[in-house]
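run_23.pdb (PDB, N, CA and C atoms) appears below.
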ATOM      1  N   ARG A   1       8.221   7.671 -25.379
ATOM      2  CA  ARG A   1       8.147   7.994 -23.957
ATOM      3  C   ARG A   1       6.760   7.666 -23.442
ATOM      4  N   MET A   2       6.696   6.821 -22.405
ATOM      5  CA  MET A   2       5.420   6.369 -21.848
ATOM      6  C   MET A   2       5.256   6.915 -20.429
ATOM      7  N   LEU A   3       4.059   6.709 -19.898
ATOM      8  CA  LEU A   3       3.750   7.218 -18.567
ATOM      9  C   LEU A   3       3.587   6.091 -17.558
ATOM     10  N   VAL A   4       3.871   6.420 -16.308
ATOM     11  CA  VAL A   4       3.552   5.577 -15.167
ATOM     12  C   VAL A   4       2.671   6.435 -14.268
ATOM     13  N   SER A   5       1.525   5.893 -13.862
ATOM     14  CA  SER A   5       0.635   6.614 -12.945
ATOM     15  C   SER A   5       0.983   6.216 -11.528
ATOM     16  N   VAL A   6       1.199   7.218 -10.686
ATOM     17  CA  VAL A   6       1.471   6.975  -9.271
ATOM     18  C   VAL A   6       0.386   7.699  -8.495
ATOM     19  N   PHE A   7      -0.427   6.933  -7.741
ATOM     20  CA  PHE A   7      -1.477   7.590  -6.980
ATOM     21  C   PHE A   7      -1.714   6.892  -5.657
ATOM     22  N   GLY A   8      -2.614   7.453  -4.870
ATOM     23  CA  GLY A   8      -2.833   6.970  -3.514
ATOM     24  C   GLY A   8      -2.136   7.893  -2.543
ATOM     25  N   MET A   9      -1.539   7.317  -1.515
ATOM     26  CA  MET A   9      -0.945   8.088  -0.428
ATOM     27  C   MET A   9       0.503   8.482  -0.726
ATOM     28  N   VAL A  10       0.671   9.303  -1.780
ATOM     29  CA  VAL A  10       1.965   9.900  -2.108
ATOM     30  C   VAL A  10       1.775  11.411  -2.094
ATOM     31  N   GLU A  11       2.868  12.145  -1.970
ATOM     32  CA  GLU A  11       2.771  13.601  -1.868
ATOM     33  C   GLU A  11       2.273  14.248  -3.166
ATOM     34  N   SER A  12       2.658  13.710  -4.316
ATOM     35  CA  SER A  12       2.263  14.299  -5.602
ATOM     36  C   SER A  12       1.760  13.230  -6.559
ATOM     37  N   PRO A  13       0.498  12.769  -6.373
ATOM     38  CA  PRO A  13      -0.040  11.760  -7.294
ATOM     39  C   PRO A  13      -0.147  12.362  -8.695
ATOM     40  N   GLU A  14       0.342  11.622  -9.689
ATOM     41  CA  GLU A  14       0.436  12.191 -11.041
ATOM     42  C   GLU A  14       0.828  11.097 -12.020
ATOM     43  N   ASN A  15       0.757  11.418 -13.299
ATOM     44  CA  ASN A  15       1.319  10.550 -14.344
ATOM     45  C   ASN A  15       2.728  11.050 -14.627
ATOM     46  N   TYR A  16       3.695  10.161 -14.546
ATOM     47  CA  TYR A  16       5.094  10.550 -14.738
ATOM     48  C   TYR A  16       5.663   9.844 -15.964
ATOM     49  N   PRO A  17       6.369  10.621 -16.813
ATOM     50  CA  PRO A  17       6.971  10.002 -17.990
ATOM     51  C   PRO A  17       8.227   9.217 -17.618
ATOM     52  N   ILE A  18       8.354   8.009 -18.184
ATOM     53  CA  ILE A  18       9.602   7.256 -18.049
ATOM     54  C   ILE A  18       9.938   6.665 -19.413
ATOM     55  N   VAL A  19      11.205   6.444 -19.630
ATOM     56  CA  VAL A  19      11.662   5.913 -20.908
ATOM     57  C   VAL A  19      11.808   4.399 -20.852
ATOM     58  N   ASP A  20      12.291   3.901 -19.712
ATOM     59  CA  ASP A  20      12.570   2.481 -19.571
ATOM     60  C   ASP A  20      12.119   2.060 -18.176
ATOM     61  N   GLU A  21      12.224   0.771 -17.855
ATOM     62  CA  GLU A  21      11.807   0.362 -16.523
ATOM     63  C   GLU A  21      12.696   1.022 -15.476
ATOM     64  N   THR A  22      12.090   1.283 -14.327
ATOM     65  CA  THR A  22      12.807   1.959 -13.250
ATOM     66  C   THR A  22      12.346   1.399 -11.909
ATOM     67  N   SER A  23      13.122   1.606 -10.891
ATOM     68  CA  SER A  23      12.847   1.062  -9.556
ATOM     69  C   SER A  23      11.585   1.681  -8.957
ATOM     70  N   ILE A  24      10.840   0.874  -8.205
ATOM     71  CA  ILE A  24       9.661   1.364  -7.494
ATOM     72  C   ILE A  24      10.052   2.496  -6.550
ATOM     73  N   PHE A  25      11.228   2.414  -5.945
ATOM     74  CA  PHE A  25      11.678   3.463  -5.027
ATOM     75  C   PHE A  25      11.917   4.774  -5.761
ATOM     76  N   LYS A  26      12.469   4.691  -6.972
ATOM     77  CA  LYS A  26      12.693   5.903  -7.758
ATOM     78  C   LYS A  26      11.363   6.538  -8.145
ATOM     79  N   MET A  27      10.383   5.705  -8.527
ATOM     80  CA  MET A  27       9.067   6.239  -8.902
ATOM     81  C   MET A  27       8.411   6.940  -7.718
ATOM     82  N   LEU A  28       8.485   6.330  -6.540
ATOM     83  CA  LEU A  28       7.880   6.949  -5.358
ATOM     84  C   LEU A  28       8.609   8.238  -4.981
ATOM     85  N   SER A  29       9.909   8.247  -5.191
ATOM     86  CA  SER A  29      10.693   9.443  -4.921
ATOM     87  C   SER A  29      10.276  10.584  -5.851
ATOM     88  N   VAL A  30      10.096  10.267  -7.127
ATOM     89  CA  VAL A  30       9.659  11.265  -8.106
ATOM     90  C   VAL A  30       8.293  11.831  -7.718
ATOM     91  N   ALA A  31       7.448  10.983  -7.122
ATOM     92  CA  ALA A  31       6.100  11.400  -6.713
ATOM     93  C   ALA A  31       6.108  12.078  -5.341
ATOM     94  N   GLY A  32       7.265  12.437  -4.841
ATOM     95  CA  GLY A  32       7.371  13.151  -3.575
ATOM     96  C   GLY A  32       7.438  12.257  -2.355
ATOM     97  N   GLY A  33       7.432  10.955  -2.585
ATOM     98  CA  GLY A  33       7.522  10.003  -1.479
ATOM     99  C   GLY A  33       6.163   9.703  -0.877
ATOM    100  N   PRO A  34       6.094   8.647  -0.076
ATOM    101  CA  PRO A  34       4.825   8.281   0.563
ATOM    102  C   PRO A  34       4.421   9.336   1.589
ATOM    103  N   SER A  35       3.122   9.559   1.738
ATOM    104  CA  SER A  35       2.634  10.491   2.756
ATOM    105  C   SER A  35       2.684   9.805   4.121
ATOM    106  N   ASP A  36       2.402  10.570   5.166
ATOM    107  CA  ASP A  36       2.493  10.043   6.538
ATOM    108  C   ASP A  36       1.568   8.860   6.780
ATOM    109  N   ASP A  37       0.403   8.857   6.124
ATOM    110  CA  ASP A  37      -0.538   7.761   6.378
ATOM    111  C   ASP A  37      -0.504   6.687   5.297
ATOM    112  N   ALA A  38       0.624   6.594   4.589
ATOM    113  CA  ALA A  38       0.787   5.566   3.552
ATOM    114  C   ALA A  38       1.087   4.214   4.180
ATOM    115  N   ASN A  39       0.584   3.168   3.553
ATOM    116  CA  ASN A  39       0.894   1.804   3.974
ATOM    117  C   ASN A  39       1.903   1.249   2.967
ATOM    118  N   ILE A  40       3.190   1.374   3.286
ATOM    119  CA  ILE A  40       4.216   0.924   2.331
ATOM    120  C   ILE A  40       4.427  -0.589   2.379
ATOM    121  N   ARG A  41       3.646  -1.273   3.201
ATOM    122  CA  ARG A  41       3.710  -2.735   3.236
ATOM    123  C   ARG A  41       2.815  -3.374   2.170
ATOM    124  N   ARG A  42       1.926  -2.579   1.553
ATOM    125  CA  ARG A  42       0.958  -3.156   0.614
ATOM    126  C   ARG A  42       0.854  -2.324  -0.672
ATOM    127  N   VAL A  43       1.991  -1.859  -1.177
ATOM    128  CA  VAL A  43       2.003  -1.087  -2.421
ATOM    129  C   VAL A  43       1.667  -2.020  -3.581
ATOM    130  N   LYS A  44       0.787  -1.575  -4.448
ATOM    131  CA  LYS A  44       0.394  -2.406  -5.597
ATOM    132  C   LYS A  44       0.940  -1.802  -6.888
ATOM    133  N   ILE A  45       1.443  -2.691  -7.743
ATOM    134  CA  ILE A  45       1.836  -2.285  -9.097
ATOM    135  C   ILE A  45       0.920  -3.035 -10.049
ATOM    136  N   TYR A  46       0.096  -2.274 -10.762
ATOM    137  CA  TYR A  46      -0.802  -2.866 -11.760
ATOM    138  C   TYR A  46      -0.059  -2.867 -13.092
ATOM    139  N   ARG A  47       0.093  -4.052 -13.652
ATOM    140  CA  ARG A  47       0.855  -4.223 -14.883
ATOM    141  C   ARG A  47      -0.036  -4.049 -16.107
ATOM    142  N   LYS A  48       0.458  -3.321 -17.078
ATOM    143  CA  LYS A  48      -0.299  -3.090 -18.304
ATOM    144  C   LYS A  48      -0.607  -4.412 -19.007
ATOM    145  N   ASN A  49       0.394  -5.254 -19.164
ATOM    146  CA  ASN A  49       0.208  -6.536 -19.848
ATOM    147  C   ASN A  49       0.593  -7.711 -18.958
ATOM    148  N   GLY A  50       0.404  -7.546 -17.675
ATOM    149  CA  GLY A  50       0.897  -8.575 -16.755
ATOM    150  C   GLY A  50      -0.110  -9.669 -16.491
ATOM    151  N   ASN A  51       0.403 -10.787 -16.069
ATOM    152  CA  ASN A  51      -0.446 -11.867 -15.621
ATOM    153  C   ASN A  51       0.225 -12.482 -14.386
ATOM    154  N   PRO A  52      -0.241 -12.267 -13.173
ATOM    155  CA  PRO A  52      -1.471 -11.546 -12.845
ATOM    156  C   PRO A  52      -1.344 -10.050 -13.140
ATOM    157  N   ASN A  53      -2.476  -9.332 -13.139
ATOM    158  CA  ASN A  53      -2.405  -7.927 -13.547
ATOM    159  C   ASN A  53      -1.791  -7.019 -12.487
ATOM    160  N   TYR A  54      -1.599  -7.502 -11.270
ATOM    161  CA  TYR A  54      -0.919  -6.653 -10.292
ATOM    162  C   TYR A  54      -0.122  -7.508  -9.320
ATOM    163  N   GLU A  55       0.827  -6.846  -8.656
ATOM    164  CA  GLU A  55       1.553  -7.498  -7.569
ATOM    165  C   GLU A  55       1.563  -6.553  -6.372
ATOM    166  N   THR A  56       1.523  -7.144  -5.178
ATOM    167  CA  THR A  56       1.558  -6.355  -3.950
ATOM    168  C   THR A  56       2.952  -6.485  -3.365
ATOM    169  N   ILE A  57       3.541  -5.342  -3.031
ATOM    170  CA  ILE A  57       4.931  -5.325  -2.577
ATOM    171  C   ILE A  57       5.025  -4.716  -1.186
ATOM    172  N   ASP A  58       5.807  -5.368  -0.327
ATOM    173  CA  ASP A  58       6.094  -4.845   1.008
ATOM    174  C   ASP A  58       7.443  -4.125   0.924
ATOM    175  N   LEU A  59       7.399  -2.794   0.830
ATOM    176  CA  LEU A  59       8.638  -2.033   0.676
ATOM    177  C   LEU A  59       9.508  -2.085   1.924
ATOM    178  N   THR A  60       8.902  -2.342   3.096
ATOM    179  CA  THR A  60       9.709  -2.405   4.320
ATOM    180  C   THR A  60      10.692  -3.564   4.253
ATOM    181  N   HIS A  61      10.328  -4.626   3.538
ATOM    182  CA  HIS A  61      11.234  -5.773   3.371
ATOM    183  C   HIS A  61      12.550  -5.318   2.732
ATOM    184  N   TYR A  62      12.447  -4.512   1.684
ATOM    185  CA  TYR A  62      13.650  -4.038   0.981
ATOM    186  C   TYR A  62      14.394  -2.987   1.797
ATOM    187  N   LEU A  63      13.640  -2.140   2.504
ATOM    188  CA  LEU A  63      14.278  -1.099   3.317
ATOM    189  C   LEU A  63      15.025  -1.723   4.484
ATOM    190  N   ASP A  64      14.410  -2.704   5.149
ATOM    191  CA  ASP A  64      15.036  -3.341   6.305
ATOM    192  C   ASP A  64      16.281  -4.138   5.919
ATOM    193  N   SER A  65      16.235  -4.773   4.755
ATOM    194  CA  SER A  65      17.363  -5.610   4.337
ATOM    195  C   SER A  65      18.423  -4.813   3.584
ATOM    196  N   GLY A  66      18.100  -3.570   3.211
ATOM    197  CA  GLY A  66      19.047  -2.751   2.461
ATOM    198  C   GLY A  66      19.195  -3.188   1.012
ATOM    199  N   GLN A  67      18.270  -3.993   0.523
ATOM    200  CA  GLN A  67      18.359  -4.512  -0.852
ATOM    201  C   GLN A  67      17.393  -3.784  -1.785
ATOM    202  N   MET A  68      17.457  -2.450  -1.776
ATOM    203  CA  MET A  68      16.553  -1.676  -2.610
ATOM    204  C   MET A  68      16.755  -1.957  -4.097
ATOM    205  N   ASP A  69      17.964  -2.362  -4.468
ATOM    206  CA  ASP A  69      18.239  -2.641  -5.890
ATOM    207  C   ASP A  69      17.441  -3.832  -6.404
ATOM    208  N   SER A  70      17.073  -4.748  -5.506
ATOM    209  CA  SER A  70      16.352  -5.941  -5.946
ATOM    210  C   SER A  70      14.832  -5.756  -5.876
ATOM    211  N   ALA A  71      14.391  -4.550  -5.528
ATOM    212  CA  ALA A  71      12.946  -4.281  -5.437
ATOM    213  C   ALA A  71      12.328  -4.311  -6.828
ATOM    214  N   ALA A  72      11.007  -4.396  -6.851
ATOM    215  CA  ALA A  72      10.268  -4.493  -8.107
ATOM    216  C   ALA A  72      10.565  -3.310  -9.019
ATOM    217  N   MET A  73      10.532  -3.589 -10.300
ATOM    218  CA  MET A  73      10.726  -2.556 -11.308
ATOM    219  C   MET A  73       9.366  -2.132 -11.855
ATOM    220  N   VAL A  74       9.257  -0.857 -12.184
ATOM    221  CA  VAL A  74       8.044  -0.303 -12.774
ATOM    222  C   VAL A  74       8.335  -0.068 -14.253
ATOM    223  N   ARG A  75       7.385  -0.486 -15.098
ATOM    224  CA  ARG A  75       7.564  -0.357 -16.551
ATOM    225  C   ARG A  75       6.600   0.675 -17.113
ATOM    226  N   PRO A  76       6.918   1.232 -18.272
ATOM    227  CA  PRO A  76       5.994   2.183 -18.898
ATOM    228  C   PRO A  76       4.601   1.563 -19.026
ATOM    229  N   GLY A  77       3.578   2.332 -18.676
ATOM    230  CA  GLY A  77       2.202   1.858 -18.746
ATOM    231  C   GLY A  77       1.677   1.298 -17.439
ATOM    232  N   ASP A  78       2.558   1.076 -16.461
ATOM    233  CA  ASP A  78       2.133   0.536 -15.167
ATOM    234  C   ASP A  78       1.439   1.612 -14.329
ATOM    235  N   VAL A  79       0.696   1.143 -13.326
ATOM    236  CA  VAL A  79       0.063   2.025 -12.352
ATOM    237  C   VAL A  79       0.548   1.602 -10.975
ATOM    238  N   VAL A  80       1.039   2.561 -10.197
ATOM    239  CA  VAL A  80       1.508   2.302  -8.836
ATOM    240  C   VAL A  80       0.491   2.906  -7.881
ATOM    241  N   TYR A  81      -0.008   2.085  -6.960
ATOM    242  CA  TYR A  81      -0.987   2.554  -5.986
ATOM    243  C   TYR A  81      -0.464   2.323  -4.578
ATOM    244  N   VAL A  82      -0.396   3.390  -3.789
ATOM    245  CA  VAL A  82       0.035   3.306  -2.393
ATOM    246  C   VAL A  82      -1.214   3.487  -1.522
ATOM    247  N   PRO A  83      -1.656   2.417  -0.834
ATOM    248  CA  PRO A  83      -2.889   2.515  -0.039
ATOM    249  C   PRO A  83      -2.678   3.275   1.261
ATOM    250  N   ARG A  84      -3.797   3.641   1.867
ATOM    251  CA  ARG A  84      -3.778   4.304   3.178
ATOM    252  C   ARG A  84      -3.502   3.252   4.252
ATOM    253  N   ARG A  85      -2.714   3.641   5.236
ATOM    254  CA  ARG A  85      -2.443   2.759   6.362
ATOM    255  C   ARG A  85      -3.719   2.582   7.167
ATOM    256  N   ASP A  86      -3.959   1.379   7.656
ATOM    257  CA  ASP A  86      -5.134   1.127   8.483
ATOM    258  C   ASP A  86      -5.041   1.965   9.747
ATOM    259  N   ASN A  87      -6.163   2.480  10.160
ATOM    260  CA  ASN A  87      -6.208   3.326  11.343
ATOM    261  C   ASN A  87      -6.245   2.445  12.591
ATOM    262  N   ILE A  88      -5.140   2.390  13.311
ATOM    263  CA  ILE A  88      -5.010   1.528  14.486
ATOM    264  C   ILE A  88      -6.011   1.942  15.568
ATOM    265  N   VAL A  89      -6.188   3.242  15.758
ATOM    266  CA  VAL A  89      -7.115   3.720  16.794
ATOM    267  C   VAL A  89      -8.532   3.267  16.466
ATOM    268  N   ARG A  90      -8.941   3.412  15.188
ATOM    269  CA  ARG A  90     -10.278   3.009  14.789
ATOM    270  C   ARG A  90     -10.459   1.503  14.984
ATOM    271  N   GLU A  91      -9.447   0.724  14.577
ATOM    272  CA  GLU A  91      -9.538  -0.725  14.735
ATOM    273  C   GLU A  91      -9.663  -1.100  16.207
ATOM    274  N   MET A  92      -8.917  -0.430  17.059
ATOM    275  CA  MET A  92      -8.958  -0.740  18.486
ATOM    276  C   MET A  92     -10.325  -0.392  19.057
ATOM    277  N   SER A  93     -10.888   0.751  18.659
ATOM    278  CA  SER A  93     -12.201   1.132  19.197
ATOM    279  C   SER A  93     -13.274   0.162  18.717
ATOM    280  N   GLU A  94     -13.174  -0.320  17.463
ATOM    281  CA  GLU A  94     -14.132  -1.314  16.973
ATOM    282  C   GLU A  94     -13.978  -2.625  17.745
ATOM    283  N   PHE A  95     -12.742  -2.998  18.031
ATOM    284  CA  PHE A  95     -12.482  -4.207  18.806
ATOM    285  C   PHE A  95     -13.094  -4.088  20.203
ATOM    286  N   LEU A  96     -12.863  -2.945  20.842
ATOM    287  CA  LEU A  96     -13.399  -2.740  22.187
ATOM    288  C   LEU A  96     -14.925  -2.739  22.170
ATOM    289  N   ARG A  97     -15.520  -2.139  21.131
ATOM    290  CA  ARG A  97     -16.977  -2.137  21.010
ATOM    291  C   ARG A  97     -17.489  -3.577  20.904
ATOM    292  N   ASP A  98     -16.821  -4.391  20.104
ATOM    293  CA  ASP A  98     -17.224  -5.790  19.944
ATOM    294  C   ASP A  98     -17.088  -6.551  21.260
ATOM    295  N   VAL A  99     -16.032  -6.296  22.009
ATOM    296  CA  VAL A  99     -15.819  -6.960  23.293
ATOM    297  C   VAL A  99     -16.941  -6.571  24.255
ATOM    298  N   VAL A 100     -17.277  -5.277  24.292
ATOM    299  CA  VAL A 100     -18.354  -4.807  25.172
ATOM    300  C   VAL A 100     -19.670  -5.466  24.787
ATOM    301  N   LEU A 101     -19.963  -5.539  23.479
ATOM    302  CA  LEU A 101     -21.187  -6.195  23.017
ATOM    303  C   LEU A 101     -21.198  -7.663  23.426
ATOM    304  N   LEU A 102     -20.056  -8.324  23.230
ATOM    305  CA  LEU A 102     -19.955  -9.743  23.539
ATOM    306  C   LEU A 102     -20.206  -9.998  25.026
ATOM    307  N   PHE A 103     -19.554  -9.188  25.891
ATOM    308  CA  PHE A 103     -19.751  -9.379  27.326
ATOM    309  C   PHE A 103     -21.168  -9.009  27.743
ATOM    310  N   GLY A 104     -21.748  -8.022  27.061
ATOM    311  CA  GLY A 104     -23.142  -7.662  27.324
ATOM    312  C   GLY A 104     -24.064  -8.826  27.017
ATOM    313  N   ILE A 105     -23.808  -9.542  25.927
ATOM    314  CA  ILE A 105     -24.608 -10.703  25.544
ATOM    315  C   ILE A 105     -24.440 -11.818  26.568
ATOM    316  N   PHE A 106     -23.191 -12.048  27.028
ATOM    317  CA  PHE A 106     -22.961 -13.091  28.034
ATOM    318  C   PHE A 106     -23.722 -12.781  29.318
ATOM    319  N   ARG A 107     -23.762 -11.512  29.709
ATOM    320  CA  ARG A 107     -24.427 -11.106  30.944
ATOM    321  C   ARG A 107     -25.925 -11.414  30.853
ATOM    322  N   VAL A 108     -26.529 -11.237  29.662
ATOM    323  CA  VAL A 108     -27.950 -11.501  29.456
ATOM    324  C   VAL A 108     -28.258 -12.983  29.667
ATOM    325  N   PHE A 109     -27.363 -13.860  29.181
ATOM    326  CA  PHE A 109     -27.635 -15.296  29.247
ATOM    327  C   PHE A 109     -27.229 -15.941  30.568
ATOM    328  N   ASN A 110     -26.474 -15.246  31.397
ATOM    329  CA  ASN A 110     -26.004 -15.852  32.658
ATOM    330  C   ASN A 110     -26.762 -15.330  33.853
TER     331      ASN A 110
END

How does this structure look as structure tokens?
Amino acid sequence: RMLVSVFGMVESPENYPIVDETSIFKMLSVAGGPSDDANIRRVKIYRKNGNPNYETIDLTHYLDSGQMDSAAMVRPGDVVYVPRRDNIVREMSEFLRDVVLLFGIFRVFN
């Protein structure tokens, strides 16, 4: 019996025992599911003996198409990482700050 580590933006980040490969959706379900600020478009599975050592998966692709059975499988020894969703408000405020700076610079030269 081996472990799979599930961490990041899930309700219960932990090492979970599995016997055989299992669906990424089942692993996330066991970990309590993604939290509200999870970015399920960029979930990474780090492979113990993989080449490349990780793959990035967009879970919305499988959810939208209803093909959850064809989603990536997690194997014993793998690590599943669910990143935080980018903060849209923060990105917008940084964008607006840059626009203000840019127009301020134009005003100086004109």

- With the file shown as input, list the residues that the PyMOL selection byres ((chain A and resi 42-47) around 5) selects, as a PyMOL selection string. chain A and resi 39-41+48-50+53-58+78-82

Suppose we keep N, CA and C atoms; can you now write the selection as a PDB file, keeping the file's coordinate frame?
ATOM      1  N   ASN A  39       0.584   3.168   3.553  1.00  0.00           N
ATOM      2  CA  ASN A  39       0.894   1.804   3.974  1.00  0.00           C
ATOM      3  C   ASN A  39       1.903   1.249   2.967  1.00  0.00           C
ATOM      4  N   ILE A  40       3.190   1.374   3.286  1.00  0.00           N
ATOM      5  CA  ILE A  40       4.216   0.924   2.331  1.00  0.00           C
ATOM      6  C   ILE A  40       4.427  -0.589   2.379  1.00  0.00           C
ATOM      7  N   ARG A  41       3.646  -1.273   3.201  1.00  0.00           N
ATOM      8  CA  ARG A  41       3.710  -2.735   3.236  1.00  0.00           C
ATOM      9  C   ARG A  41       2.815  -3.374   2.170  1.00  0.00           C
ATOM     10  N   LYS A  48       0.458  -3.321 -17.078  1.00  0.00           N
ATOM     11  CA  LYS A  48      -0.299  -3.090 -18.304  1.00  0.00           C
ATOM     12  C   LYS A  48      -0.607  -4.412 -19.007  1.00  0.00           C
ATOM     13  N   ASN A  49       0.394  -5.254 -19.164  1.00  0.00           N
ATOM     14  CA  ASN A  49       0.208  -6.536 -19.848  1.00  0.00           C
ATOM     15  C   ASN A  49       0.593  -7.711 -18.958  1.00  0.00           C
ATOM     16  N   GLY A  50       0.404  -7.546 -17.675  1.00  0.00           N
ATOM     17  CA  GLY A  50       0.897  -8.575 -16.755  1.00  0.00           C
ATOM     18  C   GLY A  50      -0.110  -9.669 -16.491  1.00  0.00           C
ATOM     19  N   ASN A  53      -2.476  -9.332 -13.139  1.00  0.00           N
ATOM     20  CA  ASN A  53      -2.405  -7.927 -13.547  1.00  0.00           C
ATOM     21  C   ASN A  53      -1.791  -7.019 -12.487  1.00  0.00           C
ATOM     22  N   TYR A  54      -1.599  -7.502 -11.270  1.00  0.00           N
ATOM     23  CA  TYR A  54      -0.919  -6.653 -10.292  1.00  0.00           C
ATOM     24  C   TYR A  54      -0.122  -7.508  -9.320  1.00  0.00           C
ATOM     25  N   GLU A  55       0.827  -6.846  -8.656  1.00  0.00           N
ATOM     26  CA  GLU A  55       1.553  -7.498  -7.569  1.00  0.00           C
ATOM     27  C   GLU A  55       1.563  -6.553  -6.372  1.00  0.00           C
ATOM     28  N   THR A  56       1.523  -7.144  -5.178  1.00  0.00           N
ATOM     29  CA  THR A  56       1.558  -6.355  -3.950  1.00  0.00           C
ATOM     30  C   THR A  56       2.952  -6.485  -3.365  1.00  0.00           C
ATOM     31  N   ILE A  57       3.541  -5.342  -3.031  1.00  0.00           N
ATOM     32  CA  ILE A  57       4.931  -5.325  -2.577  1.00  0.00           C
ATOM     33  C   ILE A  57       5.025  -4.716  -1.186  1.00  0.00           C
ATOM     34  N   ASP A  58       5.807  -5.368  -0.327  1.00  0.00           N
ATOM     35  CA  ASP A  58       6.094  -4.845   1.008  1.00  0.00           C
ATOM     36  C   ASP A  58       7.443  -4.125   0.924  1.00  0.00           C
ATOM     37  N   ASP A  78       2.558   1.076 -16.461  1.00  0.00           N
ATOM     38  CA  ASP A  78       2.133   0.536 -15.167  1.00  0.00           C
ATOM     39  C   ASP A  78       1.439   1.612 -14.329  1.00  0.00           C
ATOM     40  N   VAL A  79       0.696   1.143 -13.326  1.00  0.00           N
ATOM     41  CA  VAL A  79       0.063   2.025 -12.352  1.00  0.00           C
ATOM     42  C   VAL A  79       0.548   1.602 -10.975  1.00  0.00           C
ATOM     43  N   VAL A  80       1.039   2.561 -10.197  1.00  0.00           N
ATOM     44  CA  VAL A  80       1.508   2.302  -8.836  1.00  0.00           C
ATOM     45  C   VAL A  80       0.491   2.906  -7.881  1.00  0.00           C
ATOM     46  N   TYR A  81      -0.008   2.085  -6.960  1.00  0.00           N
ATOM     47  CA  TYR A  81      -0.987   2.554  -5.986  1.00  0.00           C
ATOM     48  C   TYR A  81      -0.464   2.323  -4.578  1.00  0.00           C
ATOM     49  N   VAL A  82      -0.396   3.390  -3.789  1.00  0.00           N
ATOM     50  CA  VAL A  82       0.035   3.306  -2.393  1.00  0.00           C
ATOM     51  C   VAL A  82      -1.214   3.487  -1.522  1.00  0.00           C
TER      52      VAL A  82
END

- Close residues, A:Pro83 itself excluded, 6 Å, only C-alpha atoms, min 5 positions apart in chain, as a PyMOL selection string: chain A and resi 8-9+38-39

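If you look at atom N of A:Thr60 and atom N of A:Val6, they are 18.5 Å away from each other.
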
- Message: Just checking: using only C-alpha atoms, which residue out of A:Val10, A:Ser23, A:Met2, A:Asp37 ends up closest to A:Gln67?
- Response: A:Ser23

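The space separating atom N of A:Ser12 from atom N of A:Met68 comes to 22.1 Å.
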
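Using only N, CA and C atoms, the smallest distance between any of A:Arg75, A:Asp86, A:Ser65, A:Phe7 and A:Glu21 comes from A:Arg75.
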
- Query: By how many Å are atom CA of A:Glu11 and atom CA of A:Val74 apart?
  - Reply: 18.4 Å

- Task: I would like the residues chosen by the PyMOL selection byres ((chain A and resi 31) around 7) on the shown file; could you give them as a list in words?
- Result: Val6, Val10, Glu11, Ser12, Pro13, Glu14, Lys26, Met27, Leu28, Ser29, Val30, Gly32, Gly33 and Pro34 of chain A

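When only N, CA and C atoms are used to measure the gap to A:Met73, the shortest distance among A:Ser35, A:Asn51, A:Ser5, A:Thr22 belongs to A:Thr22.
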